[in-house]
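These notes are about the structure you will find just below.
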Amino acid sequence: MKALVKYARGEGNMEIREVPEPSPDANQVKIEVKGAGICGSDLHIYHDEIDIPIRTPVVVGHEFCGVIVEVGSGVSDWHVGDRVTGETAFSVCERCEYCRTGNYNLCTERKGIGFWFNGAFTKYVVIPDKRLHRLPDNVDFVSGALCEPLSVVIHGAIELSRIDPGDTVLVSGMGAIGLLAAQVARSEGARVIISGTSQDAKRFDLARSLGFEECVNVEQEDLTGILETATRGRGVDVVLECSGAPEAARVGLEVIKKQGVYAQIGLFGMPFEINFEKIAYKELRVSGCFSQRWTAWERSLKLLERGVVKTRPLVTDILPIERWEEGYRKFETKESTKVVLIPQ
């Protein structure tokens, strides 16, 4: 079967290759991939600037959904024909304090699909049955391909942070993660202000179509002044930094109120300079966010099923896997908001 493979470390080193069709071992299932999203982490893999363990050669792709076509021995709760999506943590130690407390996403021995184990940019993927989640009947496969990034947002914005009804929330970044975060914050009863750049022209339109009127182009408008007026000088209650842009992080620490909540959801892909003393002087509660866990997935699927969060409008391009280079280019240049690859 054809698959997009990162065949060696270093810049680039990715191509479509023929790989063997996998078979599930005990307690695993084989899934026919119906849609797989390109993630910012996939770009970092391409540029070889990711801090997550990678073993090459490996089939890339970790945001996906599909249909079970085969189950291994010991699998009793899942059946051929089930519509599913799946978590990225293929293997964890099961012994450390993080695994034992349900925070297996932080296990130091964690190995993920698309990084260490073969991922979803191909026709079939195999994952452990305990990492499966049932895709609601009213969620199509293109929408379902974004369950993973939505779960990351739920984990970072809700499980690790706090948004109260009536809070003013700044979401920095108008990519898929930012627009998902905005919807999640709104679902908690927050007033949401989204910031982006001139590159996000189409995304501003998309945000407005989703009902977000307070969208600020930081290259043309004074974000700090707008937020000062909006909050009567108090500062925003919560910052959800989703862009992975150093300047957005710096500004976030400036505009947040004292004792506010700052959540870093986007990945920068590089170190940078920031005034860390702001955190002390303002007594901020700051959290990072890495991957997700079972609870975030279940909440994400409920929000999707009820239509509280919409993922389908974020998908601007649906391409066959053979056109992955086009998809990567459109995603990296912000020509697209979200690209979903479909196996042929």
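Naming works like this for the structure tokens: A, B, ... for the chains as they're shown, residue 1 at the start of each chain, ligands 1 onward in shown order.
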Which of range 34-214 of chain A fall in strand (DSSP E or B), as a compact mmCIF listing (two decimals) with C-alpha atoms, in the first residue's frame:
# COMPACT_ATOMS: atom_id res chain seq x y z
CA LYS A 34 -11.03 7.57 5.81
CA GLY A 35 -9.41 10.91 6.56
CA ALA A 36 -6.16 12.15 8.11
CA GLY A 37 -5.33 15.76 8.95
CA VAL A 58 7.99 5.78 9.75
CA VAL A 59 4.63 6.44 8.13
CA GLU A 63 -4.92 12.85 13.21
CA PHE A 64 -7.36 10.40 11.68
CA CYS A 65 -10.60 8.49 11.69
CA GLY A 66 -11.84 5.45 9.83
CA VAL A 67 -13.54 2.06 9.97
CA ILE A 68 -12.34 -1.09 11.69
CA VAL A 69 -11.60 -3.82 9.15
CA GLU A 70 -9.90 -6.41 11.39
CA VAL A 71 -9.49 -7.08 15.11
CA ARG A 83 -16.57 3.93 12.91
CA VAL A 84 -13.71 5.08 15.11
CA THR A 85 -11.01 7.59 15.80
CA GLY A 86 -7.94 6.94 17.87
CA ALA A 89 -0.16 7.22 22.32
CA PHE A 90 0.53 3.79 20.82
CA SER A 91 2.86 2.66 23.60
CA LYS A 111 5.81 6.40 21.68
CA GLY A 112 3.23 7.77 19.27
CA ILE A 113 1.82 6.83 15.90
CA PHE A 117 4.96 3.67 15.06
CA THR A 122 -1.81 5.59 4.29
CA TYR A 124 -4.51 1.15 6.94
CA VAL A 125 -3.24 1.89 10.43
CA VAL A 126 -3.01 -0.40 13.46
CA ILE A 127 -3.47 0.86 17.03
CA PRO A 128 -4.19 -0.68 20.47
CA LEU A 132 -10.02 3.77 20.33
CA HIS A 133 -13.00 6.09 20.57
CA ARG A 134 -16.31 5.65 18.79
CA THR A 168 -12.69 37.50 28.43
CA VAL A 169 -10.42 35.11 26.55
CA LEU A 170 -7.75 36.07 24.05
CA VAL A 171 -7.08 33.33 21.51
CA SER A 172 -3.87 34.11 19.63
CA ARG A 191 -16.27 36.36 25.53
CA VAL A 192 -13.71 35.46 22.87
CA ILE A 193 -11.33 37.81 21.06
CA ILE A 194 -9.13 36.24 18.37
CA SER A 195 -5.90 37.71 17.07
CA GLY A 196 -4.11 36.98 13.81
If you count only C-alpha atoms, the residue of A:Gly235, A:Gly144, A:Pro320, A:Pro271 closest to Leu303 in chain A turns out to be A:Gly144
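From CA of Pro22 in chain A back to CA of Leu319 in chain A, the distance works out to 23.2 Å.
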Nearest residue to Thr295 in chain A out of A:Ile158, A:Cys96, A:Ile54, A:Ala120, using only C-alpha atoms?
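Checking each of A:Ile158, A:Cys96, A:Ile54, A:Ala120 against Thr295 in chain A, counting only C-alpha atoms, the winner is A:Ile158.
If you measure from each of A:Glu241, A:Asp164, A:Asp51, A:Asp140 to Gly266 in chain A using only C-alpha atoms, the closest one turns out to be A:Glu241.
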Thr337 in chain A environment, 12 Å, only C-alpha atoms, sequence neighbours closer than 6 positions dropped, as a compact mmCIF listing (two decimals) with N, CA, C and O atoms, in the first residue's frame:
# COMPACT_ATOMS: atom_id res chain seq x y z
N GLY A 37 -5.66 14.35 9.01
CA GLY A 37 -5.33 15.76 8.95
C GLY A 37 -3.84 16.03 9.05
O GLY A 37 -3.11 15.32 9.74
N ILE A 38 -3.40 17.06 8.34
CA ILE A 38 -2.02 17.52 8.46
C ILE A 38 -1.93 18.45 9.68
O ILE A 38 -2.69 19.40 9.79
N CYS A 39 -1.02 18.13 10.56
CA CYS A 39 -0.84 18.87 11.81
C CYS A 39 0.44 19.70 11.74
O CYS A 39 1.35 19.41 10.96
N GLY A 40 0.51 20.74 12.58
CA GLY A 40 1.74 21.51 12.68
C GLY A 40 2.93 20.63 13.03
O GLY A 40 4.06 20.87 12.58
N LEU A 146 -10.48 15.57 12.65
CA LEU A 146 -9.97 16.63 13.52
C LEU A 146 -10.26 16.37 15.00
O LEU A 146 -10.14 17.27 15.83
N GLY A 173 -3.80 33.30 17.38
CA GLY A 173 -3.62 32.30 16.33
C GLY A 173 -4.94 31.92 15.71
O GLY A 173 -5.89 31.56 16.42
N MET A 174 -5.01 31.99 14.38
CA MET A 174 -6.26 31.73 13.68
C MET A 174 -6.20 30.48 12.81
O MET A 174 -6.97 30.32 11.88
N GLY A 175 -5.27 29.58 13.15
CA GLY A 175 -5.25 28.29 12.49
C GLY A 175 -6.34 27.40 13.06
O GLY A 175 -7.21 27.84 13.83
N ALA A 176 -6.29 26.14 12.70
CA ALA A 176 -7.31 25.20 13.17
C ALA A 176 -7.33 25.11 14.69
O ALA A 176 -8.41 25.10 15.31
N ILE A 177 -6.16 25.07 15.31
CA ILE A 177 -6.11 24.98 16.78
C ILE A 177 -6.74 26.22 17.41
O ILE A 177 -7.53 26.13 18.35
N GLY A 178 -6.40 27.39 16.88
CA GLY A 178 -6.97 28.62 17.42
C GLY A 178 -8.48 28.69 17.27
O GLY A 178 -9.20 29.08 18.20
N LEU A 179 -8.99 28.31 16.11
CA LEU A 179 -10.44 28.36 15.88
C LEU A 179 -11.18 27.29 16.67
O LEU A 179 -12.34 27.48 17.04
N LEU A 180 -10.52 26.18 16.94
CA LEU A 180 -11.11 25.18 17.84
C LEU A 180 -11.12 25.71 19.27
O LEU A 180 -12.11 25.57 19.99
N GLN A 199 -1.70 37.51 7.03
CA GLN A 199 -1.70 36.22 6.34
C GLN A 199 -2.99 35.45 6.58
O GLN A 199 -3.31 34.53 5.84
N ASP A 200 -3.71 35.84 7.62
CA ASP A 200 -4.91 35.12 8.01
C ASP A 200 -6.19 35.70 7.41
O ASP A 200 -7.27 35.50 7.96
N ALA A 201 -6.08 36.41 6.30
CA ALA A 201 -7.24 37.10 5.73
C ALA A 201 -8.44 36.17 5.56
O ALA A 201 -9.57 36.48 5.97
N LYS A 202 -8.22 35.01 4.95
CA LYS A 202 -9.31 34.05 4.75
C LYS A 202 -9.81 33.49 6.08
O LYS A 202 -11.00 33.20 6.23
N ARG A 203 -8.91 33.36 7.01
CA ARG A 203 -9.28 32.81 8.31
C ARG A 203 -10.12 33.79 9.12
O ARG A 203 -10.95 33.38 9.94
N PHE A 204 -9.89 35.09 8.92
CA PHE A 204 -10.77 36.08 9.56
C PHE A 204 -12.20 35.88 9.08
O PHE A 204 -13.15 35.92 9.88
N ASP A 205 -12.37 35.67 7.79
CA ASP A 205 -13.71 35.42 7.24
C ASP A 205 -14.31 34.15 7.82
O ASP A 205 -15.49 34.09 8.15
N LEU A 206 -13.47 33.12 7.94
CA LEU A 206 -13.94 31.85 8.50
C LEU A 206 -14.37 32.03 9.95
O LEU A 206 -15.43 31.52 10.37
N ALA A 207 -13.56 32.76 10.72
CA ALA A 207 -13.91 33.00 12.13
C ALA A 207 -15.24 33.72 12.25
O ALA A 207 -16.09 33.37 13.09
N THR A 311 -15.98 21.20 13.31
CA THR A 311 -14.65 21.03 12.72
C THR A 311 -14.69 21.07 11.19
O THR A 311 -13.71 21.47 10.56
N ARG A 312 -15.80 20.67 10.59
CA ARG A 312 -15.86 20.61 9.13
C ARG A 312 -15.57 21.95 8.45
O ARG A 312 -14.86 21.97 7.42
N PRO A 313 -16.05 23.09 8.96
CA PRO A 313 -15.76 24.36 8.28
C PRO A 313 -14.27 24.71 8.26
O PRO A 313 -13.85 25.53 7.44
N LEU A 314 -13.50 24.11 9.14
CA LEU A 314 -12.07 24.42 9.20
C LEU A 314 -11.28 23.73 8.10
O LEU A 314 -10.15 24.12 7.79
N VAL A 315 -11.88 22.70 7.51
CA VAL A 315 -11.18 21.93 6.47
C VAL A 315 -11.37 22.65 5.13
O VAL A 315 -12.45 22.66 4.56
N THR A 316 -10.30 23.25 4.66
CA THR A 316 -10.37 24.02 3.42
C THR A 316 -9.87 23.24 2.21
O THR A 316 -10.12 23.65 1.08
N ASP A 317 -9.17 22.13 2.45
CA ASP A 317 -8.65 21.33 1.35
C ASP A 317 -8.73 19.85 1.70
O ASP A 317 -8.33 19.44 2.80
N ILE A 318 -9.25 19.06 0.76
CA ILE A 318 -9.28 17.60 0.87
C ILE A 318 -8.52 17.05 -0.32
O ILE A 318 -8.92 17.24 -1.47
N GLY A 327 -0.46 19.84 -0.04
CA GLY A 327 -1.12 20.04 1.25
C GLY A 327 -0.21 20.66 2.29
O GLY A 327 -0.60 21.59 3.01
N TYR A 328 1.03 20.15 2.36
CA TYR A 328 1.99 20.70 3.31
C TYR A 328 2.27 22.17 2.99
O TYR A 328 2.34 23.02 3.89
N ARG A 329 2.44 22.48 1.69
CA ARG A 329 2.74 23.85 1.29
C ARG A 329 1.59 24.79 1.65
O ARG A 329 1.81 25.88 2.22
N LYS A 330 0.37 24.38 1.33
CA LYS A 330 -0.78 25.23 1.61
C LYS A 330 -0.96 25.45 3.12
O LYS A 330 -1.34 26.54 3.57
N PHE A 331 -0.68 24.41 3.89
CA PHE A 331 -0.83 24.52 5.34
C PHE A 331 0.26 25.42 5.92
O PHE A 331 -0.02 26.28 6.76
Residues within 8 Å of Glu18 in chain A, only C-alpha atoms, excluding chain neighbours under 3 positions, as a VMD selection string:
chain A and resid 1 to 3
